[in-house]
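Engineer: The structure file coords-v1.cif (mmCIF, N, CA and C atoms) is provided below.
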data_my_file
loop_
_atom_site.group_PDB
_atom_site.id
_atom_site.type_symbol
_atom_site.label_atom_id
_atom_site.label_comp_id
_atom_site.auth_asym_id
_atom_site.auth_seq_id
_atom_site.Cartn_x
_atom_site.Cartn_y
_atom_site.Cartn_z
ATOM 1 N N MET G 196 0.844 -1.188 0.000
ATOM 2 C CA MET G 196 0.000 0.000 0.000
ATOM 3 C C MET G 196 0.883 1.243 0.000
ATOM 4 N N SER G 197 0.477 2.224 -0.756
ATOM 5 C CA SER G 197 1.246 3.467 -0.811
ATOM 6 C C SER G 197 0.792 4.405 0.298
ATOM 7 N N ILE G 198 1.529 5.484 0.448
ATOM 8 C CA ILE G 198 1.229 6.435 1.514
ATOM 9 C C ILE G 198 -0.106 7.135 1.284
ATOM 10 N N SER G 199 -0.527 7.238 0.035
ATOM 11 C CA SER G 199 -1.809 7.905 -0.233
ATOM 12 C C SER G 199 -2.984 7.115 0.339
ATOM 13 N N HIS G 200 -2.857 5.787 0.393
ATOM 14 C CA HIS G 200 -3.913 4.982 1.012
ATOM 15 C C HIS G 200 -4.001 5.267 2.512
ATOM 16 N N TYR G 201 -2.837 5.348 3.155
ATOM 17 C CA TYR G 201 -2.821 5.636 4.587
ATOM 18 C C TYR G 201 -3.350 7.036 4.878
ATOM 19 N N LEU G 202 -2.984 8.002 4.054
ATOM 20 C CA LEU G 202 -3.446 9.369 4.272
ATOM 21 C C LEU G 202 -4.942 9.507 4.026
ATOM 22 N N SER G 203 -5.463 8.802 3.039
ATOM 23 C CA SER G 203 -6.906 8.870 2.807
ATOM 24 C C SER G 203 -7.666 8.176 3.936
ATOM 25 N N LEU G 204 -7.154 7.057 4.442
ATOM 26 C CA LEU G 204 -7.786 6.405 5.591
ATOM 27 C C LEU G 204 -7.749 7.309 6.807
ATOM 28 N N SER G 205 -6.623 7.994 7.004
ATOM 29 C CA SER G 205 -6.511 8.913 8.123
ATOM 30 C C SER G 205 -7.476 10.080 7.984
ATOM 31 N N ALA G 206 -7.644 10.593 6.785
ATOM 32 C CA ALA G 206 -8.590 11.691 6.568
ATOM 33 C C ALA G 206 -10.021 11.241 6.827
ATOM 34 N N ILE G 207 -10.354 10.028 6.410
ATOM 35 C CA ILE G 207 -11.699 9.499 6.657
ATOM 36 C C ILE G 207 -11.942 9.328 8.151
ATOM 37 N N LEU G 208 -10.949 8.791 8.872
ATOM 38 C CA LEU G 208 -11.080 8.638 10.325
ATOM 39 C C LEU G 208 -11.237 9.987 11.013
ATOM 40 N N PHE G 209 -10.446 10.974 10.571
ATOM 41 C CA PHE G 209 -10.545 12.296 11.186
ATOM 42 C C PHE G 209 -11.914 12.917 10.935
ATOM 43 N N CYS G 210 -12.453 12.760 9.743
ATOM 44 C CA CYS G 210 -13.779 13.302 9.435
ATOM 45 C C CYS G 210 -14.872 12.609 10.241
ATOM 46 N N ILE G 211 -14.746 11.310 10.435
ATOM 47 C CA ILE G 211 -15.713 10.594 11.268
ATOM 48 C C ILE G 211 -15.655 11.093 12.705
ATOM 49 N N GLY G 212 -14.444 11.282 13.216
ATOM 50 C CA GLY G 212 -14.295 11.804 14.573
ATOM 51 C C GLY G 212 -14.818 13.217 14.711
ATOM 52 N N LEU G 213 -14.558 14.059 13.725
ATOM 53 C CA LEU G 213 -15.038 15.436 13.764
ATOM 54 C C LEU G 213 -16.560 15.488 13.713
ATOM 55 N N TYR G 214 -17.154 14.654 12.882
ATOM 56 C CA TYR G 214 -18.613 14.582 12.833
ATOM 57 C C TYR G 214 -19.175 14.120 14.179
ATOM 58 N N GLY G 215 -18.504 13.173 14.817
ATOM 59 C CA GLY G 215 -18.963 12.704 16.120
ATOM 60 C C GLY G 215 -18.873 13.765 17.192
ATOM 61 N N VAL G 216 -17.823 14.574 17.161
ATOM 62 C CA VAL G 216 -17.680 15.645 18.152
ATOM 63 C C VAL G 216 -18.746 16.711 17.944
ATOM 64 N N ILE G 217 -19.026 17.040 16.692
ATOM 65 C CA ILE G 217 -19.982 18.113 16.408
ATOM 66 C C ILE G 217 -21.422 17.661 16.641
ATOM 67 N N SER G 218 -21.753 16.432 16.291
ATOM 68 C CA SER G 218 -23.153 16.024 16.290
ATOM 69 C C SER G 218 -23.625 15.343 17.578
ATOM 70 N N ARG G 219 -22.743 14.801 18.367
ATOM 71 C CA ARG G 219 -23.178 14.038 19.542
ATOM 72 C C ARG G 219 -23.455 14.951 20.731
ATOM 73 N N LYS G 220 -24.400 14.542 21.548
ATOM 74 C CA LYS G 220 -24.705 15.248 22.779
ATOM 75 C C LYS G 220 -24.276 14.451 24.006
ATOM 76 N N ASN G 221 -23.967 13.200 23.804
ATOM 77 C CA ASN G 221 -23.516 12.334 24.885
ATOM 78 C C ASN G 221 -22.024 12.555 25.108
ATOM 79 N N ALA G 222 -21.636 12.824 26.339
ATOM 80 C CA ALA G 222 -20.251 13.177 26.643
ATOM 81 C C ALA G 222 -19.292 12.017 26.389
ATOM 82 N N VAL G 223 -19.720 10.810 26.630
ATOM 83 C CA VAL G 223 -18.855 9.649 26.410
ATOM 84 C C VAL G 223 -18.614 9.446 24.916
ATOM 85 N N MET G 224 -19.621 9.674 24.113
ATOM 86 C CA MET G 224 -19.453 9.558 22.663
ATOM 87 C C MET G 224 -18.548 10.658 22.107
ATOM 88 N N VAL G 225 -18.573 11.837 22.711
ATOM 89 C CA VAL G 225 -17.656 12.899 22.303
ATOM 90 C C VAL G 225 -16.225 12.496 22.616
ATOM 91 N N LEU G 226 -16.007 11.897 23.783
ATOM 92 C CA LEU G 226 -14.670 11.395 24.125
ATOM 93 C C LEU G 226 -14.208 10.332 23.142
ATOM 94 N N LEU G 227 -15.092 9.444 22.755
ATOM 95 C CA LEU G 227 -14.753 8.405 21.790
ATOM 96 C C LEU G 227 -14.415 9.010 20.429
ATOM 97 N N SER G 228 -15.124 10.048 20.045
ATOM 98 C CA SER G 228 -14.836 10.707 18.773
ATOM 99 C C SER G 228 -13.488 11.410 18.804
ATOM 100 N N ILE G 229 -13.129 11.992 19.927
ATOM 101 C CA ILE G 229 -11.808 12.608 20.063
ATOM 102 C C ILE G 229 -10.719 11.549 19.971
ATOM 103 N N GLU G 230 -10.973 10.377 20.517
ATOM 104 C CA GLU G 230 -10.010 9.279 20.404
ATOM 105 C C GLU G 230 -9.813 8.857 18.949
ATOM 106 N N ILE G 231 -10.889 8.838 18.182
ATOM 107 C CA ILE G 231 -10.776 8.492 16.761
ATOM 108 C C ILE G 231 -9.923 9.521 16.042
ATOM 109 N N MET G 232 -10.088 10.801 16.394
ATOM 110 C CA MET G 232 -9.281 11.851 15.775
ATOM 111 C C MET G 232 -7.808 11.714 16.161
ATOM 112 N N LEU G 233 -7.537 11.361 17.405
ATOM 113 C CA LEU G 233 -6.154 11.137 17.825
ATOM 114 C C LEU G 233 -5.534 9.942 17.110
ATOM 115 N N CYS G 234 -6.311 8.909 16.891
ATOM 116 C CA CYS G 234 -5.797 7.741 16.174
ATOM 117 C C CYS G 234 -5.470 8.077 14.727
ATOM 118 N N SER G 235 -6.254 8.961 14.118
ATOM 119 C CA SER G 235 -5.939 9.349 12.746
ATOM 120 C C SER G 235 -4.646 10.145 12.680
ATOM 121 N N ALA G 236 -4.379 10.968 13.692
ATOM 122 C CA ALA G 236 -3.103 11.691 13.729
ATOM 123 C C ALA G 236 -1.942 10.726 13.936
ATOM 124 N N GLY G 237 -2.134 9.733 14.782
ATOM 125 C CA GLY G 237 -1.097 8.719 14.984
ATOM 126 C C GLY G 237 -0.825 7.914 13.729
ATOM 127 N N LEU G 238 -1.862 7.637 12.972
ATOM 128 C CA LEU G 238 -1.689 6.929 11.700
ATOM 129 C C LEU G 238 -0.880 7.762 10.715
ATOM 130 N N ASN G 239 -1.124 9.069 10.695
ATOM 131 C CA ASN G 239 -0.327 9.947 9.844
ATOM 132 C C ASN G 239 1.144 9.918 10.230
ATOM 133 N N PHE G 240 1.432 10.022 11.522
ATOM 134 C CA PHE G 240 2.825 9.992 11.979
ATOM 135 C C PHE G 240 3.493 8.669 11.618
ATOM 136 N N ALA G 241 2.785 7.568 11.798
ATOM 137 C CA ALA G 241 3.370 6.263 11.483
ATOM 138 C C ALA G 241 3.587 6.098 9.981
ATOM 139 N N ALA G 242 2.671 6.609 9.174
ATOM 140 C CA ALA G 242 2.821 6.492 7.718
ATOM 141 C C ALA G 242 3.994 7.319 7.220
ATOM 142 N N PHE G 243 4.147 8.534 7.731
ATOM 143 C CA PHE G 243 5.261 9.367 7.297
ATOM 144 C C PHE G 243 6.598 8.864 7.840
ATOM 145 N N SER G 244 6.584 8.214 9.003
ATOM 146 C CA SER G 244 7.840 7.697 9.543
ATOM 147 C C SER G 244 8.335 6.488 8.751
ATOM 148 N N ALA G 245 7.452 5.799 8.077
ATOM 149 C CA ALA G 245 7.878 4.671 7.250
ATOM 150 C C ALA G 245 8.658 5.141 6.035
ATOM 151 N N ILE G 246 8.409 6.355 5.599
ATOM 152 C CA ILE G 246 9.078 6.870 4.409
ATOM 153 C C ILE G 246 10.266 7.756 4.761
ATOM 154 N N HIS G 247 10.091 8.664 5.705
ATOM 155 C CA HIS G 247 11.112 9.677 5.951
ATOM 156 C C HIS G 247 12.009 9.344 7.143
ATOM 157 N N ASN G 248 11.481 9.494 8.329
ATOM 158 C CA ASN G 248 12.288 9.421 9.533
ATOM 159 C C ASN G 248 11.553 8.569 10.566
ATOM 160 N N PRO G 249 12.246 7.635 11.225
ATOM 161 C CA PRO G 249 11.551 6.781 12.198
ATOM 162 C C PRO G 249 11.117 7.496 13.475
ATOM 163 N N SER G 250 11.397 8.780 13.629
ATOM 164 C CA SER G 250 10.978 9.477 14.840
ATOM 165 C C SER G 250 9.466 9.688 14.888
ATOM 166 N N GLY G 251 8.769 9.535 13.778
ATOM 167 C CA GLY G 251 7.318 9.640 13.776
ATOM 168 C C GLY G 251 6.657 8.548 14.594
ATOM 169 N N GLN G 252 7.315 7.401 14.711
ATOM 170 C CA GLN G 252 6.775 6.325 15.537
ATOM 171 C C GLN G 252 6.802 6.707 17.010
ATOM 172 N N ILE G 253 7.782 7.497 17.414
ATOM 173 C CA ILE G 253 7.843 7.971 18.801
ATOM 174 C C ILE G 253 6.681 8.919 19.065
ATOM 175 N N PHE G 254 6.396 9.806 18.103
ATOM 176 C CA PHE G 254 5.249 10.694 18.253
ATOM 177 C C PHE G 254 3.946 9.907 18.292
ATOM 178 N N ALA G 255 3.841 8.855 17.518
ATOM 179 C CA ALA G 255 2.639 8.023 17.541
ATOM 180 C C ALA G 255 2.470 7.354 18.909
ATOM 181 N N LEU G 256 3.574 6.943 19.506
ATOM 182 C CA LEU G 256 3.515 6.363 20.849
ATOM 183 C C LEU G 256 3.066 7.402 21.870
ATOM 184 N N PHE G 257 3.549 8.633 21.745
ATOM 185 C CA PHE G 257 3.102 9.693 22.646
ATOM 186 C C PHE G 257 1.621 9.996 22.459
ATOM 187 N N ILE G 258 1.127 9.903 21.241
ATOM 188 C CA ILE G 258 -0.300 10.124 20.994
ATOM 189 C C ILE G 258 -1.127 9.058 21.697
ATOM 190 N N ILE G 259 -0.653 7.819 21.687
ATOM 191 C CA ILE G 259 -1.364 6.742 22.384
ATOM 192 C C ILE G 259 -1.381 6.995 23.890
ATOM 193 N N VAL G 260 -0.254 7.443 24.437
ATOM 194 C CA VAL G 260 -0.173 7.722 25.877
ATOM 195 C C VAL G 260 -1.073 8.896 26.251
ATOM 196 N N VAL G 261 -1.055 9.962 25.462
ATOM 197 C CA VAL G 261 -1.906 11.120 25.739
ATOM 198 C C VAL G 261 -3.376 10.745 25.606
ATOM 199 N N GLY G 262 -3.701 9.909 24.636
ATOM 200 C CA GLY G 262 -5.087 9.460 24.476
ATOM 201 C C GLY G 262 -5.572 8.654 25.668
ATOM 202 N N ALA G 263 -4.710 7.797 26.200
ATOM 203 C CA ALA G 263 -5.095 7.008 27.376
ATOM 204 C C ALA G 263 -5.288 7.901 28.590
ATOM 205 N N ALA G 264 -4.426 8.890 28.764
ATOM 206 C CA ALA G 264 -4.572 9.819 29.888
ATOM 207 C C ALA G 264 -5.825 10.682 29.724
ATOM 208 N N GLU G 265 -6.120 11.070 28.493
ATOM 209 C CA GLU G 265 -7.306 11.874 28.231
ATOM 210 C C GLU G 265 -8.576 11.102 28.549
ATOM 211 N N VAL G 266 -8.606 9.842 28.195
ATOM 212 C CA VAL G 266 -9.782 9.024 28.490
ATOM 213 C C VAL G 266 -9.942 8.831 29.989
ATOM 214 N N ALA G 267 -8.846 8.586 30.687
ATOM 215 C CA ALA G 267 -8.936 8.362 32.130
ATOM 216 C C ALA G 267 -9.422 9.622 32.852
ATOM 217 N N CYS G 268 -8.844 10.761 32.541
ATOM 218 C CA CYS G 268 -9.257 12.012 33.197
ATOM 219 C C CYS G 268 -10.654 12.433 32.760
ATOM 220 N N GLY G 269 -10.940 12.311 31.467
ATOM 221 C CA GLY G 269 -12.251 12.705 30.970
ATOM 222 C C GLY G 269 -13.377 11.869 31.545
ATOM 223 N N LEU G 270 -13.176 10.565 31.610
ATOM 224 C CA LEU G 270 -14.220 9.710 32.188
ATOM 225 C C LEU G 270 -14.407 9.976 33.673
ATOM 226 N N ALA G 271 -13.325 10.259 34.390
ATOM 227 C CA ALA G 271 -13.459 10.585 35.811
ATOM 228 C C ALA G 271 -14.259 11.868 35.992
ATOM 229 N N ILE G 272 -13.990 12.884 35.180
ATOM 230 C CA ILE G 272 -14.742 14.137 35.271
ATOM 231 C C ILE G 272 -16.201 13.920 34.903
ATOM 232 N N PHE G 273 -16.460 13.153 33.845
ATOM 233 C CA PHE G 273 -17.838 12.937 33.426
ATOM 234 C C PHE G 273 -18.616 12.093 34.435
ATOM 235 N N PHE G 274 -17.962 11.116 35.055
ATOM 236 C CA PHE G 274 -18.665 10.327 36.063
ATOM 237 C C PHE G 274 -18.997 11.168 37.289
ATOM 238 N N LEU G 275 -18.077 12.049 37.682
ATOM 239 C CA LEU G 275 -18.354 12.942 38.804
ATOM 240 C C LEU G 275 -19.472 13.918 38.451
ATOM 241 N N ALA G 276 -19.448 14.455 37.239
ATOM 242 C CA ALA G 276 -20.498 15.380 36.820
ATOM 243 C C ALA G 276 -21.838 14.667 36.694
ATOM 244 N N THR G 277 -21.818 13.423 36.240
ATOM 245 C CA THR G 277 -23.058 12.656 36.144
ATOM 246 C C THR G 277 -23.645 12.405 37.523
ATOM 247 N N ARG G 278 -22.775 12.163 38.486
ATOM 248 C CA ARG G 278 -23.248 11.933 39.845
ATOM 249 C C ARG G 278 -23.880 13.199 40.420
ATOM 250 N N LEU G 279 -23.332 14.370 40.061
ATOM 251 C CA LEU G 279 -23.852 15.620 40.606
ATOM 252 C C LEU G 279 -25.068 16.136 39.845
ATOM 253 N N SER G 280 -25.079 16.028 38.521
ATOM 254 C CA SER G 280 -26.181 16.605 37.745
ATOM 255 C C SER G 280 -27.133 15.558 37.195
ATOM 256 N N GLU G 281 -26.803 14.284 37.318
ATOM 257 C CA GLU G 281 -27.635 13.156 36.902
ATOM 258 C C GLU G 281 -27.928 13.143 35.405
ATOM 259 N N THR G 282 -27.031 13.685 34.589
ATOM 260 C CA THR G 282 -27.159 13.610 33.133
ATOM 261 C C THR G 282 -25.776 13.684 32.497
ATOM 262 N N ILE G 283 -25.661 13.090 31.309
ATOM 263 C CA ILE G 283 -24.420 13.238 30.550
ATOM 264 C C ILE G 283 -24.690 13.953 29.239
ATOM 265 N N ASP G 284 -25.855 14.565 29.135
ATOM 266 C CA ASP G 284 -26.196 15.356 27.969
ATOM 267 C C ASP G 284 -25.420 16.666 28.032
ATOM 268 N N LEU G 285 -24.639 16.954 27.004
ATOM 269 C CA LEU G 285 -23.765 18.116 27.043
ATOM 270 C C LEU G 285 -24.531 19.434 26.978
ATOM 271 N N ASP G 286 -25.766 19.427 26.480
ATOM 272 C CA ASP G 286 -26.553 20.654 26.476
ATOM 273 C C ASP G 286 -27.020 21.024 27.883
ATOM 274 N N LYS G 287 -27.249 20.045 28.723
ATOM 275 C CA LYS G 287 -27.697 20.293 30.087
ATOM 276 C C LYS G 287 -26.541 20.315 31.086
ATOM 277 N N PHE G 288 -25.360 20.163 30.612
ATOM 278 C CA PHE G 288 -24.176 20.050 31.462
ATOM 279 C C PHE G 288 -23.625 21.452 31.701
ATOM 280 N N ASN G 289 -24.034 22.101 32.781
ATOM 281 C CA ASN G 289 -23.578 23.453 33.084
ATOM 282 C C ASN G 289 -22.999 23.541 34.480
ATOM 283 N N LEU G 290 -22.342 22.509 34.945
ATOM 284 C CA LEU G 290 -21.775 22.464 36.280
ATOM 285 C C LEU G 290 -20.617 23.442 36.433
ATOM 286 N N LEU G 291 -19.831 23.618 35.380
ATOM 287 C CA LEU G 291 -18.632 24.427 35.493
ATOM 288 C C LEU G 291 -18.874 25.913 35.248
ATOM 289 N N LYS G 292 -20.105 26.270 34.913
ATOM 290 C CA LYS G 292 -20.422 27.686 34.762
ATOM 291 C C LYS G 292 -20.617 28.293 36.142
ATOM 292 N N GLY G 293 -20.000 29.411 36.365
ATOM 293 C CA GLY G 293 -20.004 30.046 37.678
ATOM 294 C C GLY G 293 -21.267 30.592 38.075
#
Could the structure of this file be written out as structure tokens, please?
Structural biologist:
Amino acid sequence: MSISHYLSLSAILFCIGLYGVISRKNAVMVLLSIEIMLCSAGLNFAAFSAIHNPSGQIFALFIIVVGAAEVACGLAIFFLATRLSETIDLDKFNLLKG
């Protein structure tokens, strides 16, 4: 497979993630869509590192680590907010407004 196949797959994944972030009202689904967008960026780094420089694989590993930390912190915040406001609908989620 050539790099154009990887880049087109990455663009499709990023568009799916962006659509999920814009259209979803469920906070957990928004987190999942952000993860899809991070995976598409990692795929880009891995595809370019196969051709140019192997340091892109290190960036892809950092993207995986940041994604795992984002999910852990995000889910903890959403579970706490769900316990306090009894909803995960982002339109009704106004806990952090002063």
Engineer: Can you work out the spacing between atom N of G:Leu213 and atom N of G:Leu285 in Å, to one decimal?
Structural biologist: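 Taking atom N of G:Leu213 as the start and atom N of G:Leu285 as the end point, the length is 16.9 Å.
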Engineer: Please, which residues are within 8 Å of (-1.9, 10.3, 5.2) by the file's coordinates, counting only N, CA and C atoms, and could they come as a compact mmCIF listing (two decimals) with N, CA and C atoms, keeping the file's coordinate frame?
Structural biologist:
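The resulting point-v1.txt:
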# COMPACT_ATOMS: atom_id res chain seq x y z
N ILE G 198 1.53 5.48 0.45
CA ILE G 198 1.23 6.44 1.51
C ILE G 198 -0.11 7.14 1.28
N SER G 199 -0.53 7.24 0.04
CA SER G 199 -1.81 7.90 -0.23
C SER G 199 -2.98 7.12 0.34
N HIS G 200 -2.86 5.79 0.39
CA HIS G 200 -3.91 4.98 1.01
C HIS G 200 -4.00 5.27 2.51
N TYR G 201 -2.84 5.35 3.16
CA TYR G 201 -2.82 5.64 4.59
C TYR G 201 -3.35 7.04 4.88
N LEU G 202 -2.98 8.00 4.05
CA LEU G 202 -3.45 9.37 4.27
C LEU G 202 -4.94 9.51 4.03
N SER G 203 -5.46 8.80 3.04
CA SER G 203 -6.91 8.87 2.81
C SER G 203 -7.67 8.18 3.94
N LEU G 204 -7.15 7.06 4.44
CA LEU G 204 -7.79 6.40 5.59
C LEU G 204 -7.75 7.31 6.81
N SER G 205 -6.62 7.99 7.00
CA SER G 205 -6.51 8.91 8.12
C SER G 205 -7.48 10.08 7.98
N ALA G 206 -7.64 10.59 6.78
CA ALA G 206 -8.59 11.69 6.57
C ALA G 206 -10.02 11.24 6.83
N SER G 235 -6.25 8.96 14.12
CA SER G 235 -5.94 9.35 12.75
C SER G 235 -4.65 10.14 12.68
N LEU G 238 -1.86 7.64 12.97
CA LEU G 238 -1.69 6.93 11.70
C LEU G 238 -0.88 7.76 10.72
N ASN G 239 -1.12 9.07 10.70
CA ASN G 239 -0.33 9.95 9.84
C ASN G 239 1.14 9.92 10.23
N PHE G 240 1.43 10.02 11.52
CA PHE G 240 2.82 9.99 11.98
C PHE G 240 3.49 8.67 11.62
N ALA G 242 2.67 6.61 9.17
CA ALA G 242 2.82 6.49 7.72
C ALA G 242 3.99 7.32 7.22
N PHE G 243 4.15 8.53 7.73
CA PHE G 243 5.26 9.37 7.30
C PHE G 243 6.60 8.86 7.84
Engineer: Looking only at the backbone, which of the residues in stretch 208-293 of chain G does DSSP tag as helix (DSSP H, G or I), as a PyMOL selection string?
Structural biologist: chain G and resi 208-218+222-246+250-280
Engineer: Name the residues that the PyMOL selection byres ((chain G and resi 212) around 7) pulls out of this structure, and write them as a PyMOL selection string.
Structural biologist: chain G and resi 207-211+213-217+227-232
Engineer: For G:Leu226, which residue out of G:Ala255, G:Met196, G:Ala245, G:Ala271 is the nearest one, using only C-alpha atoms?
Structural biologist: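 Using only C-alpha atoms, the shortest distance to G:Leu226 belongs to G:Ala271.
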Engineer: Provide the atom CA of G:Asp284 to atom CA of G:Ala222 distance in Å, to one decimal place.
Structural biologist: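 Taking atom CA of G:Asp284 and atom CA of G:Ala222, their separation equals 6.5 Å.
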Engineer: Could you please determine the separation between atom C of G:Val266 and atom N of G:Cys234 in Å, to one decimal place?
Structural biologist: 13.6 Å
Engineer: Hey, which of G:Lys220, G:Phe274, G:Phe257, G:Ala267 ends up closest to G:Asp286? Count only N, CA and C atoms.
Structural biologist: G:Lys220
Engineer: Produce the centre coordinates and the three edge lengths, each in Å to one decimal, of the box along x, y and z that contains all listed atoms of stretch 218-235 of chain G with 5 Å added on each side, as JSON.
Structural biologist:
{"center_x": -14.7, "center_y": 12.1, "center_z": 19.7, "size_x": 30.1, "size_y": 18.7, "size_z": 24.0}
